[in-house]
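Engineer: Structure below; questions to follow.
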Amino acid sequence: MNSYEQSKKTRRIASVVYLLIMAVVLGGTYLSQQQKEQAAKAAHNSPNQNL
């Protein structure tokens with residue numbers, strides 16, 4: 001296998017790893033945002049316990 005073919009394989013592997021990492025980051029961000037929205041709704045809807 002010549003150097004071009006080897007570098008092509010390496011770039012493909014690197015791009016797949018990059019996409020997987022980005023999917024994890026974006027998925028985590030989405031889940032975090034959903035949890036924040038749920039917490040804000042729960043805090044808004046719950047009666048105030050400090051009174």
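Chain lettering (A, B, ...) mirrors the order of the structure tokens, residue numbering begins at 1 for each chain separately, and ligand numbering begins at 1 in order of display.
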As a PyMOL selection string, list the residues of chain A assigned to alpha helix (DSSP H) by DSSP on the backbone atoms of this structure.

Structural biologist: chain A and resi 3-45

Engineer: Would you compute the distance between CA of Val16 in chain A and CA of Tyr4 in chain A? Give it in Å to one decimal.

Structural biologist: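 Answer for the CA of Val16 in chain A to CA of Tyr4 in chain A separation: 18.4 Å.
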